[in-house]
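Heads up, start_38.txt below (compact mmCIF, C-alpha atoms):
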# COMPACT_ATOMS: atom_id res chain seq x y z
CA MET A 5 16.68 41.26 -38.15
CA ARG A 6 13.07 40.15 -37.50
CA LYS A 7 13.77 36.88 -39.28
CA ILE A 8 16.75 36.23 -37.06
CA THR A 9 14.68 36.93 -33.94
CA HIS A 10 12.01 34.49 -35.08
CA PHE A 11 14.63 31.89 -35.88
CA LEU A 12 16.12 32.26 -32.40
CA ILE A 13 12.70 31.81 -30.76
CA VAL A 14 11.99 28.72 -32.84
CA ALA A 15 15.44 27.31 -32.11
CA THR A 16 14.90 27.84 -28.38
CA PHE A 17 11.65 25.87 -28.47
CA ILE A 18 13.24 23.09 -30.53
CA PHE A 19 15.98 22.86 -27.95
CA ALA A 20 13.45 22.81 -25.09
CA ALA A 21 11.37 20.13 -26.81
CA LEU A 22 14.31 17.89 -27.57
CA SER A 23 15.81 18.22 -24.11
CA ALA A 24 12.57 17.21 -22.36
CA GLY A 25 12.99 13.70 -21.00
CA SER A 26 16.77 13.79 -20.89
CA CYS A 27 18.76 13.81 -17.64
CA LYS A 28 21.95 15.67 -18.49
CA ASN A 29 20.20 18.94 -19.28
CA ASP A 30 17.71 18.59 -16.48
CA LYS A 31 19.01 21.28 -14.13
CA ASN A 32 15.86 20.94 -12.05
CA SER A 33 16.96 17.57 -10.77
CA ASP A 34 19.74 19.14 -8.78
CA ASN A 35 17.94 21.86 -6.93
CA LYS A 36 14.56 23.23 -7.98
CA ASP A 37 12.58 20.06 -7.30
CA THR A 38 14.22 19.34 -3.97
CA VAL A 39 11.67 19.51 -1.22
CA VAL A 40 12.80 20.56 2.22
CA ILE A 41 10.44 19.61 4.97
CA ASN A 42 10.66 21.25 8.31
CA THR A 43 9.42 18.68 10.77
CA ASP A 44 10.54 20.49 13.94
CA SER A 45 7.04 21.04 15.25
CA LEU A 46 6.32 17.33 15.08
CA ASN A 47 9.51 16.47 16.97
CA PHE A 48 11.00 14.37 14.21
CA ASP A 49 14.70 13.92 14.52
CA GLU A 50 15.95 15.23 11.23
CA LYS A 51 15.11 17.28 8.21
CA VAL A 52 14.73 15.65 4.84
CA GLU A 53 16.87 17.38 2.27
CA GLN A 54 18.10 14.88 -0.25
CA ALA A 55 15.06 13.48 -1.98
CA LYS A 56 14.19 14.77 -5.44
CA GLU A 57 10.54 14.33 -4.66
CA ILE A 58 8.50 13.55 -1.54
CA PHE A 59 5.16 11.78 -1.78
CA TYR A 60 2.68 11.69 1.05
CA SER A 61 0.71 8.52 0.61
CA LEU A 62 -2.29 9.80 2.53
CA PRO A 63 -5.08 7.30 3.10
CA ALA A 64 -7.53 7.32 0.21
CA PRO A 65 -11.28 7.14 1.01
CA HIS A 66 -11.59 3.42 0.23
CA GLU A 67 -8.63 2.64 2.49
CA VAL A 68 -10.06 4.70 5.36
CA ALA A 69 -13.47 3.05 4.95
CA THR A 70 -11.95 -0.43 4.82
CA PHE A 71 -9.72 0.05 7.86
CA LEU A 72 -12.24 1.84 10.01
CA ILE A 73 -15.60 0.43 9.21
CA GLN A 74 -15.02 -3.14 8.19
CA ASN A 75 -15.44 -5.02 11.43
CA ASP A 76 -18.01 -7.50 12.68
CA ASN A 77 -20.15 -5.06 14.66
CA THR A 78 -20.66 -2.29 12.13
CA TYR A 79 -23.68 -1.87 9.90
CA PHE A 80 -24.95 0.20 7.00
CA ASP A 81 -26.97 3.34 7.71
CA ILE A 82 -28.00 5.39 4.69
CA GLU A 83 -28.79 8.38 6.93
CA LEU A 84 -25.07 8.84 7.61
CA LEU A 85 -24.22 9.52 3.95
CA ASN A 86 -23.99 12.95 2.42
CA SER A 87 -27.08 13.03 0.20
CA VAL A 88 -26.45 12.97 -3.55
CA GLN A 89 -29.04 15.76 -3.84
CA GLN A 90 -26.52 18.03 -2.12
CA ALA A 91 -24.13 17.79 -5.08
CA ILE A 92 -25.98 20.52 -6.99
CA ASN A 93 -24.97 23.02 -4.30
CA TYR A 94 -21.25 22.44 -4.82
CA THR A 95 -20.36 25.20 -7.23
CA THR A 96 -16.79 26.12 -6.28
CA GLU A 97 -13.71 23.99 -7.02
CA ALA A 98 -13.03 23.64 -3.30
CA SER A 99 -16.52 22.42 -2.39
CA GLN A 100 -16.49 20.05 -5.38
CA ALA A 101 -13.07 18.63 -4.48
CA TYR A 102 -13.74 18.14 -0.75
CA ASN A 103 -17.11 16.57 -1.47
CA LEU A 104 -15.75 14.33 -4.21
CA GLY A 105 -13.67 12.88 -1.37
CA VAL A 106 -16.76 12.69 0.84
CA TYR A 107 -18.80 10.87 -1.84
CA SER A 108 -15.86 8.52 -2.52
CA ALA A 109 -15.81 7.52 1.15
CA ASP A 110 -19.61 7.08 1.16
CA LEU A 111 -19.32 5.01 -1.99
CA SER A 112 -16.69 2.78 -0.38
CA TYR A 113 -18.83 2.40 2.78
CA ALA A 114 -21.86 1.40 0.68
CA SER A 115 -19.70 -1.00 -1.30
CA LEU A 116 -18.42 -2.72 1.86
CA PHE A 117 -22.04 -3.51 2.74
CA GLU A 118 -22.98 -4.41 -0.85
CA GLN A 119 -25.49 -1.59 -1.24
CA ASN A 120 -25.39 -1.95 -4.99
CA GLN A 121 -27.86 0.73 -6.11
CA ILE A 122 -26.30 3.26 -3.73
CA VAL A 123 -22.86 2.40 -5.11
CA ILE A 124 -24.06 3.15 -8.65
CA ASN A 125 -25.78 6.40 -7.58
CA TYR A 126 -22.75 7.64 -5.67
CA MET A 127 -20.38 6.73 -8.50
CA ALA A 128 -22.59 8.72 -10.89
CA THR A 129 -22.54 11.71 -8.51
CA SER A 130 -18.76 11.42 -8.14
CA LYS A 131 -18.51 11.37 -11.93
CA LYS A 132 -20.47 14.64 -12.14
CA LEU A 133 -18.19 16.35 -9.62
CA ALA A 134 -15.12 14.96 -11.38
CA GLU A 135 -16.48 16.36 -14.64
CA GLN A 136 -16.91 19.79 -13.04
CA LEU A 137 -13.35 19.58 -11.72
CA GLY A 138 -12.03 18.62 -15.14
CA ILE A 139 -10.79 15.16 -14.10
CA LEU A 140 -13.33 13.15 -16.02
CA GLU A 141 -10.61 10.94 -17.56
CA ALA A 142 -10.54 8.91 -14.34
CA PHE A 143 -14.32 8.46 -14.30
CA ASP A 144 -14.85 7.57 -17.93
CA GLN A 145 -17.86 5.71 -19.27
CA GLU A 146 -15.95 2.41 -19.25
CA THR A 147 -15.38 2.73 -15.50
CA ILE A 148 -19.09 3.30 -14.85
CA LYS A 149 -19.94 0.36 -17.12
CA ALA A 150 -17.40 -1.91 -15.37
CA LEU A 151 -18.88 -0.90 -12.03
CA GLU A 152 -22.43 -1.67 -13.15
CA GLU A 153 -21.39 -5.05 -14.54
CA ASN A 154 -19.55 -6.04 -11.36
CA VAL A 155 -21.80 -4.41 -8.79
CA ASN A 156 -22.51 -7.77 -7.10
CA ASN A 157 -18.81 -8.47 -6.64
CA ARG A 158 -17.63 -6.39 -3.69
CA ASP A 159 -13.92 -7.09 -4.21
CA GLU A 160 -14.14 -6.05 -7.84
CA VAL A 161 -16.07 -2.89 -6.92
CA MET A 162 -13.38 -1.96 -4.39
CA ARG A 163 -10.69 -2.60 -7.02
CA ILE A 164 -12.49 -0.31 -9.50
CA ILE A 165 -12.84 2.40 -6.82
CA SER A 166 -9.16 2.16 -5.90
CA GLU A 167 -7.97 2.31 -9.53
CA THR A 168 -10.34 5.20 -10.27
CA PHE A 169 -8.86 7.01 -7.32
CA MET A 170 -5.33 6.35 -8.54
CA ASP A 171 -6.26 7.60 -12.02
CA SER A 172 -7.61 10.84 -10.51
CA ASP A 173 -4.48 11.25 -8.40
CA ALA A 174 -2.24 10.62 -11.43
CA TYR A 175 -4.18 13.11 -13.53
CA LEU A 176 -4.08 15.80 -10.83
CA GLN A 177 -0.37 15.29 -10.12
CA GLU A 178 0.64 15.28 -13.75
CA ASN A 179 -1.32 18.48 -14.32
CA GLU A 180 0.14 20.01 -11.13
CA ARG A 181 -3.26 20.43 -9.51
CA HIS A 182 -1.93 19.33 -6.13
CA GLU A 183 -4.33 21.47 -4.10
CA ILE A 184 -7.39 19.79 -5.60
CA GLY A 185 -5.80 16.38 -4.97
CA ALA A 186 -5.17 17.31 -1.33
CA MET A 187 -8.75 18.50 -0.87
CA ILE A 188 -10.18 15.24 -2.27
CA LEU A 189 -8.01 13.18 0.10
CA ILE A 190 -8.86 15.32 3.13
CA GLY A 191 -12.60 15.22 2.34
CA GLY A 192 -12.44 11.44 2.00
CA TRP A 193 -10.50 10.99 5.21
CA ILE A 194 -12.82 13.21 7.23
CA GLU A 195 -15.91 11.43 5.87
CA GLY A 196 -14.39 8.00 6.61
CA VAL A 197 -13.64 8.97 10.21
CA TYR A 198 -17.07 10.66 10.49
CA LEU A 199 -18.83 7.45 9.44
CA ALA A 200 -16.77 5.54 12.00
CA ILE A 201 -17.56 7.90 14.88
CA LYS A 202 -21.28 7.80 14.06
CA LEU A 203 -21.17 3.98 14.02
CA SER A 204 -19.42 4.06 17.39
CA ASN A 205 -22.21 6.27 18.81
CA GLY A 206 -19.50 8.55 20.15
CA ASP A 207 -18.74 6.03 22.91
CA PRO A 208 -15.46 4.07 23.04
CA ARG A 209 -17.22 1.22 24.88
CA SER A 210 -19.90 0.53 22.26
CA ASN A 211 -17.52 -1.03 19.71
CA ILE A 212 -14.01 -1.39 21.11
CA PRO A 213 -12.19 -2.36 17.85
CA LEU A 214 -13.89 0.52 16.00
CA ALA A 215 -13.03 3.03 18.75
CA SER A 216 -9.44 1.77 18.61
CA SER A 217 -9.32 2.32 14.84
CA ILE A 218 -10.66 5.87 15.30
CA LEU A 219 -7.95 6.62 17.90
CA GLU A 220 -5.30 5.10 15.63
CA GLN A 221 -6.19 7.64 12.93
CA GLN A 222 -3.92 10.06 14.79
CA LEU A 223 -1.18 8.52 12.66
CA SER A 224 -2.80 9.46 9.34
CA LEU A 225 -3.65 12.89 10.70
CA GLU A 226 -0.02 13.42 11.71
CA LEU A 227 1.09 12.86 8.10
CA MET A 228 -1.70 15.08 6.81
CA VAL A 229 -0.63 17.95 9.09
CA MET A 230 2.99 17.41 8.09
CA PHE A 231 2.03 17.47 4.41
CA LEU A 232 -0.04 20.64 4.79
CA LYS A 233 2.57 22.45 6.86
CA ASP A 234 4.62 23.57 3.87
CA PHE A 235 1.78 23.47 1.37
CA LYS A 236 0.81 26.83 -0.04
CA GLY A 237 -2.89 26.65 -0.71
CA GLY A 238 -5.82 29.00 -1.05
CA GLU A 239 -8.27 30.15 1.62
CA TYR A 240 -10.25 26.91 1.76
CA LEU A 241 -7.16 24.79 2.29
CA GLN A 242 -5.73 27.21 4.87
CA ASN A 243 -8.99 27.04 6.86
CA MET A 244 -8.90 23.27 6.68
CA LYS A 245 -5.29 23.28 7.83
CA THR A 246 -6.34 25.22 10.95
CA ASP A 247 -9.13 22.71 11.64
CA LEU A 248 -6.88 19.70 11.14
CA VAL A 249 -4.12 21.11 13.35
CA SER A 250 -6.71 21.73 16.04
CA LEU A 251 -7.99 18.14 15.64
CA TYR A 252 -4.39 16.87 15.81
CA ASP A 253 -3.81 18.83 19.03
CA LEU A 254 -6.98 17.30 20.45
CA TYR A 255 -5.79 13.80 19.53
CA ASN A 256 -2.46 14.54 21.23
CA SER A 257 -4.18 15.76 24.38
CA ILE A 258 -6.11 12.52 24.84
CA GLU A 259 -4.68 9.97 27.20
CA THR A 260 -5.06 6.51 25.71
CA ASP A 261 -4.81 3.07 27.24
CA VAL A 262 -4.40 -0.39 25.73
CA THR A 263 -6.91 -3.14 26.51
CA ASP A 264 -5.88 -6.75 27.19
CA ASP A 265 -6.78 -7.52 23.58
CA GLY A 266 -4.42 -4.82 22.35
CA TYR A 267 -7.05 -2.21 21.43
CA LEU A 268 -6.56 1.49 22.07
CA THR A 269 -9.13 3.06 24.31
CA ALA A 270 -9.78 6.45 25.91
CA LYS A 271 -12.01 8.04 28.53
CA PRO A 272 -15.61 8.39 27.20
CA GLU A 273 -15.60 12.18 27.73
CA ASP A 274 -12.33 12.57 25.79
CA PHE A 275 -13.56 10.31 23.00
CA LYS A 276 -16.78 12.33 22.81
CA LYS A 277 -14.78 15.58 22.39
CA LEU A 278 -12.91 13.98 19.51
CA CYS A 279 -16.13 12.82 17.88
CA ASP A 280 -17.69 16.28 18.22
CA LYS A 281 -14.69 17.93 16.58
CA ILE A 282 -14.68 15.47 13.67
CA GLU A 283 -18.41 15.96 13.16
CA GLU A 284 -17.96 19.74 13.21
CA ILE A 285 -15.29 19.61 10.47
CA ARG A 286 -17.33 17.16 8.39
CA ASN A 287 -20.43 19.33 8.60
CA LYS A 288 -18.42 22.35 7.46
CA ILE A 289 -17.32 20.39 4.38
CA VAL A 290 -20.76 19.14 3.32
CA LYS A 291 -22.26 22.60 3.83
CA LEU A 292 -19.70 24.30 1.57
CA SER A 293 -21.10 25.77 -1.63
CA MET B 16 3.06 34.55 -41.29
CA LYS B 17 4.99 31.43 -42.30
CA ASN B 18 7.31 31.91 -39.32
CA TYR B 19 4.38 32.15 -36.92
CA ILE B 20 3.00 28.84 -38.23
CA ILE B 21 6.39 27.22 -37.65
CA LEU B 22 6.55 28.73 -34.17
CA LEU B 23 3.05 27.50 -33.27
CA THR B 24 3.88 24.02 -34.57
CA ILE B 25 7.01 23.89 -32.47
CA LEU B 26 5.10 25.13 -29.42
CA PHE B 27 2.51 22.42 -29.92
CA LEU B 28 5.21 19.77 -30.29
CA ALA B 29 7.04 20.93 -27.17
CA THR B 30 3.82 20.85 -25.14
CA PHE B 31 2.88 17.46 -26.59
CA LEU B 32 6.28 15.96 -25.82
CA ASN B 33 6.16 17.23 -22.24
CA ALA B 34 2.64 15.89 -21.76
CA GLN B 35 3.67 12.52 -23.18
CA GLU B 36 6.62 12.42 -20.82
CA ASN B 37 4.30 12.76 -17.81
CA VAL B 38 1.44 10.61 -18.99
CA SER B 39 3.56 7.56 -19.72
CA CYS B 40 4.20 6.83 -16.02
CA ARG B 41 0.50 5.99 -15.46
CA ASP B 42 0.62 3.15 -17.96
CA PHE B 43 3.93 1.97 -16.53
CA THR B 44 2.42 1.96 -13.02
CA GLN B 45 -0.45 -0.28 -14.11
CA THR B 46 1.89 -3.32 -14.18
CA SER B 47 2.51 -2.88 -10.45
CA VAL B 48 -1.21 -2.46 -9.80
CA ASP B 49 -1.83 -5.73 -11.64
CA ILE B 50 0.77 -7.56 -9.52
CA LEU B 51 -0.99 -6.36 -6.36
CA THR B 52 -4.39 -7.42 -7.65
CA GLU B 53 -3.09 -10.88 -8.64
CA ASN B 54 -1.87 -11.27 -5.06
CA ASN B 55 -5.24 -10.20 -3.59
CA PHE B 56 -4.00 -6.83 -2.36
CA LEU B 57 -5.99 -3.66 -2.89
CA PRO B 58 -3.94 -0.67 -4.16
CA ASP B 59 -4.06 2.25 -1.73
CA GLY B 60 -5.08 4.63 -4.55
CA ASN B 61 -2.05 6.92 -4.34
CA PHE B 62 -0.06 7.61 -7.48
CA ASN B 63 3.60 7.64 -6.45
CA SER B 64 5.33 7.67 -9.83
CA VAL B 65 7.83 10.04 -11.32
CA ARG B 66 10.50 10.16 -14.01
CA LEU B 67 14.00 9.96 -12.54
CA CYS B 68 17.65 9.91 -13.55
CA GLN B 69 20.54 7.84 -12.21
CA GLY B 70 21.38 8.85 -8.63
CA ASP B 71 17.94 10.39 -7.95
CA LYS B 72 16.08 9.53 -4.79
CA ILE B 73 12.42 9.79 -3.83
CA GLU B 74 10.66 9.24 -0.53
CA ILE B 75 7.12 8.17 0.26
CA TYR B 76 5.57 8.78 3.68
CA LYS B 77 2.77 6.41 4.59
CA PRO B 78 0.90 5.32 7.74
CA PHE B 79 1.04 1.56 8.34
CA TYR B 80 -1.39 -0.11 10.72
CA LYS B 81 -0.69 -3.23 12.76
CA GLY B 82 -2.60 -6.35 11.92
CA ARG B 83 -2.71 -5.51 8.21
CA ASP B 84 -0.62 -7.12 5.51
CA TYR B 85 0.97 -4.73 3.04
CA MET B 86 2.67 -5.36 -0.27
CA LEU B 87 5.02 -2.81 -1.85
CA ILE B 88 5.76 -3.02 -5.55
CA VAL B 89 8.64 -0.75 -6.54
CA THR B 90 9.63 -0.71 -10.20
CA SER B 91 11.83 1.21 -12.59
CA GLU B 92 11.84 1.38 -16.37
CA GLU B 93 14.34 -0.61 -18.45
CA VAL B 94 16.35 2.53 -19.34
CA LEU B 95 17.48 2.86 -15.71
CA PRO B 96 20.11 0.56 -14.15
CA GLY B 97 18.02 -0.44 -11.12
CA ILE B 98 16.69 0.73 -7.79
CA ILE B 99 17.37 0.14 -4.11
CA VAL B 100 14.52 0.30 -1.60
CA GLU B 101 14.68 1.00 2.11
CA VAL B 102 11.77 1.24 4.54
CA LYS B 103 12.59 3.43 7.56
CA ASP B 104 10.77 4.60 10.62
CA MET B 105 10.43 8.32 11.35
CA THR B 106 13.78 8.32 13.20
CA ARG B 107 15.25 6.99 9.92
CA LYS B 108 16.11 3.62 11.40
CA VAL B 109 16.04 1.07 8.56
CA ILE B 110 13.52 -1.68 9.20
CA LEU B 111 13.33 -3.28 5.77
CA LYS B 112 15.78 -3.19 2.88
CA SER B 113 16.11 -4.70 -0.58
CA ASP B 114 19.14 -7.00 -0.95
CA LYS B 115 20.51 -5.60 -4.22
CA PRO B 116 19.56 -3.20 -7.04
CA GLU B 117 16.73 -4.58 -9.17
CA LYS B 118 14.18 -3.21 -11.59
CA LEU B 119 11.31 -4.76 -9.67
CA HIS B 120 11.06 -5.20 -5.92
CA GLN B 121 8.16 -6.94 -4.27
CA LEU B 122 8.22 -6.46 -0.50
CA ASN B 123 5.74 -7.90 1.96
CA TYR B 124 5.34 -6.22 5.31
CA THR B 125 3.13 -6.84 8.33
CA PRO B 126 3.71 -4.15 10.97
CA ASP B 127 3.75 -5.16 14.62
CA LYS B 128 2.70 -1.65 15.62
CA ASN B 129 0.99 1.41 14.12
CA GLN B 130 3.56 3.78 12.70
CA ASN B 131 4.32 6.22 9.92
CA LEU B 132 7.08 4.92 7.70
CA ILE B 133 9.31 6.32 4.99
CA ILE B 134 9.92 4.34 1.83
CA SER B 135 13.17 5.55 0.25
CA VAL B 136 13.91 4.64 -3.35
CA LEU B 137 17.31 5.32 -4.90
CA VAL B 138 18.11 4.92 -8.60
CA THR B 139 21.54 3.31 -8.80
CA LYS B 140 24.31 4.57 -11.08
CA SER B 141 25.91 2.46 -13.79
CA GLU B 142 28.23 3.27 -16.68
CA GLU B 143 26.50 0.56 -18.71
CA TYR B 144 23.50 2.88 -19.03
CA SER B 145 23.44 6.31 -20.61
CA ALA B 146 23.50 9.05 -17.96
CA GLU B 147 20.96 10.95 -20.09
CA ASN B 148 18.32 8.28 -19.66
CA LYS B 149 15.28 9.32 -17.69
CA GLY B 150 12.70 6.72 -16.75
CA CYS B 151 9.64 6.12 -14.62
CA VAL B 152 10.02 4.86 -11.09
CA SER B 153 6.85 3.82 -9.34
CA VAL B 154 5.94 2.79 -5.82
CA VAL B 155 2.56 1.13 -5.47
CA ILE B 156 1.36 0.10 -2.03
CA GLY B 157 -1.38 -2.43 -1.49
CA PHE B 158 -3.15 -3.61 1.64
CA SER B 159 -5.01 -6.79 2.49
CA THR B 160 -8.74 -6.65 3.07
CA PRO B 161 -10.48 -8.75 5.70
CA LYS B 162 -12.63 -11.48 4.20
CA ASN B 163 -14.86 -11.97 7.20
CA GLN B 164 -17.93 -9.95 6.23

Would you mind giving the structure from this file in structure tokens?
Amino acid sequence: MRKITHFLIVATFIFAALSAGSCKNDKNSDNKDTVVINTDSLNFDEKVEQAKEIFYSLPAPHEVATFLIQNDNTYFDIELLNSVQQAINYTTEASQAYNLGVYSADLSYASLFEQNQIVINYMATSKKLAEQLGILEAFDQETIKALEENVNNRDEVMRIISETFMDSDAYLQENERHEIGAMILIGGWIEGVYLAIKLSNGDPRSNIPLASSILEQQLSLELMVMFLKDFKGGEYLQNMKTDLVSLYDLYNSIETDVTDDGYLTAKPEDFKKLCDKIEEIRNKIVKLS
Amino acid sequence: MKNYIILLTILFLATFLNAQENVSCRDFTQTSVDILTENNFLPDGNFNSVRLCQGDKIEIYKPFYKGRDYMLIVTSEEVLPGIIVEVKDMTRKVILKSDKPEKLHQLNYTPDKNQNLIISVLVTKSEEYSAENKGCVSVVIGFSTPKNQ
């Protein structure tokens, strides 16, 4: 009788192994994987029910840095970065993930202004955090070597950063560590917007294209809030959700205008409120332990 | 004892096969990344790849900013008949659509306003392909970078 039981168990596993990768026996494709998104609170017209999988292509740190910071009147200020010395304080998965995003945005910012040594230092720090998070595959020695060899070529550095980011995302998705992936993206987005608000001096008149880009980030935030709405995460992600919803509400409450050149602008006092809120969230992230 | 060894071996194989099934989409996606790079677009860093069957559909939500050029590379593996791509706004109005099912779509898009868009990808059905086939479908989005610094 015991032999039969063992045989049945083995047979079950053989069946499971052989059926992996085939469509006919993939019952999940019909129902389990279907994601239903309730978008009522965002006033979207319909609910999405048919897709097998929904991806939220949230802006990665290098994209945020490129879109926000890369304009003629911005500059590099090392004081704005989260110090690499801080990394030792990040001992929980949440603080490591959020700040991996933060360092990735800082790294992209430094890269845009060809701060080569800083790029190498921040990549090394990102590698340490990735190692602690168990996603070292994306930050392997070859990546660091390629970065060092191409550090004078900004376009190549940005390409390496973007592919490293995609490798991390792939690894986290394929290992179903979606919460960590979300935290990295959120940390990177917040740091990118933080760098932009600091470069704007919290005044929409000091750099009109930059202020416009900051105001336009409402769009990315909208997707982030939508993504988090149905996302079941732990305490750290729930707290962040509250902060981001509150930031989204603030964005929505601001009355914007369009300049003759097509830039978005807002009243200085409203813009300042927005900057203060972003700085508050960013400081919470870098002070996590 | 012998039975336990067999069981453990099978368990290992099942886990290995499942892991292989997932991992393979990263390598497949690299081809799309290379196309973007050759065209001077920077990949947005998101990994939107998954293994699908005939008739399956996926959607990608993404913010698009005016004044930027975007390139979308949507590909499916050879074992699938082809894919159709539609880009819709949040009211689901179609603003860009592929002409016919293909295994590789390269779409260029320059938005005239800032908006969140939905990229819908449908795997077409064909009796010429086995219905049991499951293959990677990947959507890689790249953006242009200003060259003025």

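Ranking A:Ile194, A:Glu220, A:Ser108, A:Gln90 by their shortest atom-to-atom distance to chain B, with only C-alpha atoms included, puts A:Glu220 first.
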
Using only C-alpha atoms, which protein or nucleic acid residues come within 12 Å of Asn55 of chain B? Drop anything in the same chain fewer than 4 positions from it, and give the result as a ChimeraX atom specification. /A:159-160,162-163 /B:48-51,84-86,157-162

Go through A:Glu67, A:Glu283, A:Asp253, A:Glu83 one by one, measure the shortest atom-to-atom distance of each to chain B using only C-alpha atoms, and give the residue with the smallest value.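 Selected residue with least distance to chain B: A:Glu67.
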
For atom CA of Gln45 of chain B and atom CA of Met170 of chain A, the interatomic separation in Å (one decimal): 9.9 Å

Please provide as a PyMOL selection string all residues within 12 Å of His120 of chain B, with the sequence filter that same-chain residues fewer than 4 positions apart are discarded (counting all atoms listed in the file). chain B and resi 47+50+86-91+97-101+112-116+136+152-156

Name the closest residue to chain A among the candidates B:Asp104, B:Asp71, B:Glu143, B:Asp42; distances are taken between atoms, counting all atoms listed in the file. B:Asp71

What gap, in Å, lies between atom CA of Lys291 of chain A and atom CA of Gln222 of chain A?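 Atom CA of Lys291 of chain A sits 24.8 Å away from atom CA of Gln222 of chain A.
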
Given the choices B:Glu142, B:Val109, B:Lys118, B:Leu57, which gets closest to Arg83 of chain B if the distance is worked out from only C-alpha atoms?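 Of all the options, B:Leu57 lies closest to Arg83 of chain B.
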
Using only C-alpha atoms, can you tell me which of B:Thr106, B:Ser145, B:Thr139, B:Gln121 comes closest to chain A?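 Looking only at the distances to chain A, the closest residue turns out to be B:Thr106.
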
Measuring between only C-alpha atoms, which one of B:Ser135, B:Thr52, B:Asn123, B:Asn63 shows the shortest distance to Phe59 of chain A?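 Of the candidates, the smallest distance to Phe59 of chain A is held by B:Asn63.
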
Just the residues within 7 Å of Trp193 of chain A, please, counting all atoms listed in the file, with nothing from its chain fewer than 5 positions along; format it as a list in words.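 Here the answer would be Pro63, Ala64, Pro65 and Val68 of chain A.
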
Atomic separation - atom CA of Leu203 of chain A relative to atom CA of Leu72 of chain A, Å: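 So the two atoms, atom CA of Leu72 of chain A and atom CA of Leu203 of chain A, lie 10.0 Å apart.
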
Give as a PDB file with C-alpha atoms, in the frame of the given file every residue, naming chains and numbers as the document does, that has an atom within 12 Å of (10.8, 4.0, 9.6), counting only C-alpha atoms.
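What landed in point.pdb:
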ATOM      1  CA  PHE A  48      11.000  14.370  14.210  1.00  0.00           C
ATOM      2  CA  ASP A  49      14.700  13.920  14.520  1.00  0.00           C
TER       3      ASP A  49
ATOM      4  CA  GLU B  74      10.660   9.240  -0.530  1.00  0.00           C
ATOM      5  CA  ILE B  75       7.120   8.170   0.260  1.00  0.00           C
ATOM      6  CA  TYR B  76       5.570   8.780   3.680  1.00  0.00           C
ATOM      7  CA  LYS B  77       2.770   6.410   4.590  1.00  0.00           C
ATOM      8  CA  PRO B  78       0.900   5.320   7.740  1.00  0.00           C
ATOM      9  CA  PHE B  79       1.040   1.560   8.340  1.00  0.00           C
ATOM     10  CA  GLU B 101      14.680   1.000   2.110  1.00  0.00           C
ATOM     11  CA  VAL B 102      11.770   1.240   4.540  1.00  0.00           C
ATOM     12  CA  LYS B 103      12.590   3.430   7.560  1.00  0.00           C
ATOM     13  CA  ASP B 104      10.770   4.600  10.620  1.00  0.00           C
ATOM     14  CA  MET B 105      10.430   8.320  11.350  1.00  0.00           C
ATOM     15  CA  THR B 106      13.780   8.320  13.200  1.00  0.00           C
ATOM     16  CA  ARG B 107      15.250   6.990   9.920  1.00  0.00           C
ATOM     17  CA  LYS B 108      16.110   3.620  11.400  1.00  0.00           C
ATOM     18  CA  VAL B 109      16.040   1.070   8.560  1.00  0.00           C
ATOM     19  CA  ILE B 110      13.520  -1.680   9.200  1.00  0.00           C
ATOM     20  CA  LEU B 111      13.330  -3.280   5.770  1.00  0.00           C
ATOM     21  CA  LYS B 112      15.780  -3.190   2.880  1.00  0.00           C
ATOM     22  CA  PRO B 126       3.710  -4.150  10.970  1.00  0.00           C
ATOM     23  CA  LYS B 128       2.700  -1.650  15.620  1.00  0.00           C
ATOM     24  CA  ASN B 129       0.990   1.410  14.120  1.00  0.00           C
ATOM     25  CA  GLN B 130       3.560   3.780  12.700  1.00  0.00           C
ATOM     26  CA  ASN B 131       4.320   6.220   9.920  1.00  0.00           C
ATOM     27  CA  LEU B 132       7.080   4.920   7.700  1.00  0.00           C
ATOM     28  CA  ILE B 133       9.310   6.320   4.990  1.00  0.00           C
ATOM     29  CA  ILE B 134       9.920   4.340   1.830  1.00  0.00           C
ATOM     30  CA  SER B 135      13.170   5.550   0.250  1.00  0.00           C
TER      31      SER B 135
END

Do a neighbour search on Tyr252 of chain A at 12 Å with only C-alpha atoms, toss out local chain neighbours closer than 5 positions, and write the hits as a VMD selection string. chain A and resid 46 219 to 230 245 to 247 257 to 258 278 281 to 282

Residues near segment 213-217 of chain A, anyone? I mean within 8 Å using all atoms listed in the file, not counting same-chain ones fewer than 2 positions away, as a list in words. Phe71, Leu72, Ile73, Asn75, Ala200, Ile201, Ser204, Asp207, Pro208, Arg209, Asn211, Leu219, Glu220, Gln221, Tyr267, Leu268 and Thr269 of chain A

Please produce segment 127-131 of chain A, completed to N, CA and C atoms, as an mmCIF file, in the frame of the given file.
data_model
loop_
_atom_site.group_PDB
_atom_site.id
_atom_site.type_symbol
_atom_site.label_atom_id
_atom_site.label_comp_id
_atom_site.auth_asym_id
_atom_site.auth_seq_id
_atom_site.Cartn_x
_atom_site.Cartn_y
_atom_site.Cartn_z
ATOM 1 N N MET A 127 -21.402 6.660 -7.451
ATOM 2 C CA MET A 127 -20.380 6.730 -8.500
ATOM 3 C C MET A 127 -20.807 7.745 -9.561
ATOM 4 N N ALA A 128 -22.094 7.762 -9.888
ATOM 5 C CA ALA A 128 -22.590 8.720 -10.890
ATOM 6 C C ALA A 128 -22.428 10.158 -10.380
ATOM 7 N N THR A 129 -22.699 10.364 -9.093
ATOM 8 C CA THR A 129 -22.540 11.710 -8.510
ATOM 9 C C THR A 129 -21.057 12.107 -8.488
ATOM 10 N N SER A 130 -20.204 11.145 -8.152
ATOM 11 C CA SER A 130 -18.760 11.420 -8.140
ATOM 12 C C SER A 130 -18.300 11.788 -9.548
ATOM 13 N N LYS A 131 -18.872 11.093 -10.535
ATOM 14 C CA LYS A 131 -18.510 11.370 -11.930
ATOM 15 C C LYS A 131 -18.863 12.815 -12.302
#
